[in-house]
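Input: a single structure, listed below in structure tokens.
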Protein chains: 2
Amino acid sequence: MKSKEIYDHVERLANLLRSESRQVGIPYGMQPIQLEALRYLSICNRYSDTPMAVTEYLNQTKGTVSQTLKLLEKKNFLIKTTDSNDKRITHLKVSSKGNKLLQKLIPTPVYTQVSKKLSESTQTQIINSLKELLQVIQQENEMKSFGVCNTCRYNQKIKSDSHFCGLTQEPLSKVDISLICREHESVVE
Amino acid sequence: MKSKEIYDHVERLANLLRSESRQVGIPYGMQPIQLEALRYLSICNRYSDTPMAVTEYLNQTKGTVSQTLKLLEKKNFLIKTTDSNDKRITHLKVSSKGNKLLQKLIPTPVYTQVSKKLSESTQTQIINSLKELLQVIQQENEMKSFGVCNTCRYNQKIKSDSHFCGLTQEPLSKVDISLICREHESVVE
DNA sequence: GGTATATAGTATCGATTCAATACTATATTG
DNA sequence: CAATATAGTATTGAATCGATACTATATACC
């Protein structure tokens with residue numbers, strides 16, 4: 001019975017978020033999905049800035065994502081470059097124009113205001129609840145978790161601020177470990 | 001800073017919900033927005049089963065909603081009737097075919113599973129967090145809250161199970177007060 | 001009563017979303 | 001070096017969505 005209640009609230013939150021996203025994007029000719037793709041690309045690491053990773057993150061087909069990215073590129077919000085090692089792969093970099101837009105629009109005004117109206121402890125409580133819910137949903141869905149390296153089981157801490165990815169066999173910088181990764185797998189089994 | 005974190009989690013939950021909704025709807029030719037409209041109509045009261053109310057609930061234009069409803073009617077998921085008092089108004093009733101579909105699809109499989117994996121107390125905690133977040137967002141957005149009569153300031157309890165709506169000046173049945181209403185206004189100022 | 005205005009809803013247009021299918025190009029496997 | 005897998009693009013058609021223009025009924029006001 002509680003599943004319905006949780007479902008209802010999430011559906012409502014999702015609706016409100018989507019409609020606000022649509023609204024704030026209008027002056028810039030941006031659709032919700034375009035903002036989400038751009039937003040993702042601004043917070044993912046160098047292993048995860050490809051069309052395929054966006055496809056997985058948004059749970060869409062690669063064809064659909066290809067169109068969205070084409071529009072974003074046309075509007076000069078991102079720059080495509082071909083991977084030097086594997087020429088099938090395209091890397092997507094958010095342009096400075098894109099970053100400025102994101103900084104202006106995200107988080108949306110409502111969430112900025114909400115944060116001011118709620119106490120620190122309430123916000124922490126809400127964040128924890130959302131995290132818990134998300135984690136179970138991602139497990140259940142057998143989906144990639146798209147977490148940051150900090151919480152990934154491949155991340156091997158060498159010294160206090162020296163990290164290494166056990167999957168790609170590459171060192172990770174301080175910036176790296178705060179970005180989300182498509183290969184992320186939780187430490188907890 | 002916490003606003004970003006809350007925003008991120010809600011965005012992710014919204015994405016996952018939307019993609020699951022899309023997936024479960026495919027075998028029935030139902031799009032996410034169609035399911036949401038139908039779902040709303042199945043849980044709203046008799047003051048709130050009109051195209052305009054759906055428009056407010058989904059935060060779309062009446063034209064867009066008109067199209068969605070036309071498709072739902074064509075597929076025999078809902079029945080339109082004209083209000084006898086005000087002939088501009090159309091009432092929308094979910095058909096038995098529509099109700100069967102909703103019962104099968106909502107809450108979606110993932111949410112049903114999630115509910116099984118989390119303890120009662122955790123679920124209660126999550127529900128409370130979601131409620132709190134929703135309430136602030138709706139206030140902030142100056143949006144209608146779409147709550148049930150039970151929590152509405154227009155609802156006047158006469159006896160233990162006898163209710164009366166101060167806005168419409170009509171008695172409310174036991175079923176009425178468990179349905180959501182477009183005129184809902186929270187008791188709390 | 002009758003005109004002005006407000007409200008509920010439909011119709012149509014064009015841009016975007018999205019899945020499905022078919023396609024090209026590069027990598028990998030044997 | 002042939003078969004297969006992977007990354008991405010192109011195209012088509014149905015649905016979403018806002019914008020605009022429209023019809024019909026109800027209400028306000030003089």
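All residue names refer to the structure tokens as shown: chains lettered A, B, ... in order, residues numbered from 1 in each chain, ligands numbered from 1 in order.
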Residue hits in chain B, query chain D, radius 9 Å, only C-alpha atoms (C1' of nucleotides), as a CSV table (one decimal) with N, CA, C and O atoms, in the first residue's frame:
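Now in iface-v9.csv:
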```csv
chain,number,residue,atom,x,y,z
B,31,GLN,N,1.4,6.5,-23.8
B,31,GLN,CA,2.5,7.4,-23.5
B,31,GLN,C,2.5,7.8,-22.0
B,31,GLN,O,1.4,7.8,-21.4
B,33,ILE,N,2.5,10.6,-20.5
B,33,ILE,CA,1.5,11.7,-20.2
B,33,ILE,C,0.1,11.2,-20.2
B,33,ILE,O,-0.7,11.7,-19.4
B,60,GLN,N,0.0,22.1,-18.1
B,60,GLN,CA,0.2,22.3,-19.5
B,60,GLN,C,-0.9,23.2,-20.0
B,60,GLN,O,-1.7,23.7,-19.3
B,61,THR,N,-0.9,23.5,-21.3
B,61,THR,CA,-1.9,24.3,-21.9
B,61,THR,C,-3.2,23.5,-22.1
B,61,THR,O,-3.1,22.3,-22.3
B,63,GLY,N,-4.9,23.3,-24.7
B,63,GLY,CA,-4.9,22.7,-26.0
B,63,GLY,C,-4.1,21.4,-26.0
B,63,GLY,O,-4.6,20.4,-26.6
B,64,THR,N,-3.0,21.4,-25.4
B,64,THR,CA,-2.2,20.1,-25.3
B,64,THR,C,-3.0,19.0,-24.6
B,64,THR,O,-3.1,17.9,-25.0
B,68,THR,N,-4.4,15.1,-25.6
B,68,THR,CA,-4.2,13.9,-24.9
B,68,THR,C,-5.5,13.2,-24.5
B,68,THR,O,-5.7,12.0,-24.7
B,86,ASP,N,-23.7,23.4,-16.1
B,86,ASP,CA,-22.9,24.3,-16.9
B,86,ASP,C,-22.4,23.6,-18.2
B,86,ASP,O,-21.6,22.7,-18.1
B,87,LYS,N,-23.1,23.9,-19.3
B,87,LYS,CA,-22.8,23.1,-20.5
B,87,LYS,C,-21.5,23.4,-21.1
B,87,LYS,O,-21.1,22.8,-22.1
B,88,ARG,N,-20.7,24.3,-20.6
B,88,ARG,CA,-19.3,24.5,-21.1
B,88,ARG,C,-18.4,23.4,-20.5
B,88,ARG,O,-17.4,23.1,-21.1
B,89,ILE,N,-18.8,22.8,-19.4
B,89,ILE,CA,-18.0,21.9,-18.7
B,89,ILE,C,-18.2,20.4,-19.1
B,89,ILE,O,-19.3,19.9,-19.3
```
Practice prompt. Write out as a PyMOL selection string all residues of segment 1-174 of chain A that DSSP puts in alpha helix (DSSP H) for this structure's backbone.
Written response: chain A and resi 2-25+32-42+51-58+62-74+96-105+109-117+120-140
Item to complete: Pick out the chain A residues within 6 Å of chain B. Count only C-alpha atoms. Give them as number ranges by chain.
Response: A: 3-4, 6, 14, 107, 111-112, 115, 126-127, 129
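For Gly98 of chain B, the list of residues within 10 Å, based on only C-alpha atoms (C1' of nucleotides) and with local chain neighbours fewer than 2 positions off taken out, reads Leu35, Leu38, Arg39, Ser42, Leu72, Glu73, Lys75, Asn76, Phe77, Leu78, Ile79, Lys93, Val94, Ser95, Ser96, Lys100, Leu101, Leu102, Gln103 and Lys104 of chain B.
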Worksheet entry | chain C contacts to chain B at 8 Å (only C-alpha atoms (C1' of nucleotides)) as a PyMOL selection string | chain C and resi 8-10
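Atom CA of Ile26 of chain B is found 26.2 Å from atom C1' of DG14 of chain C.
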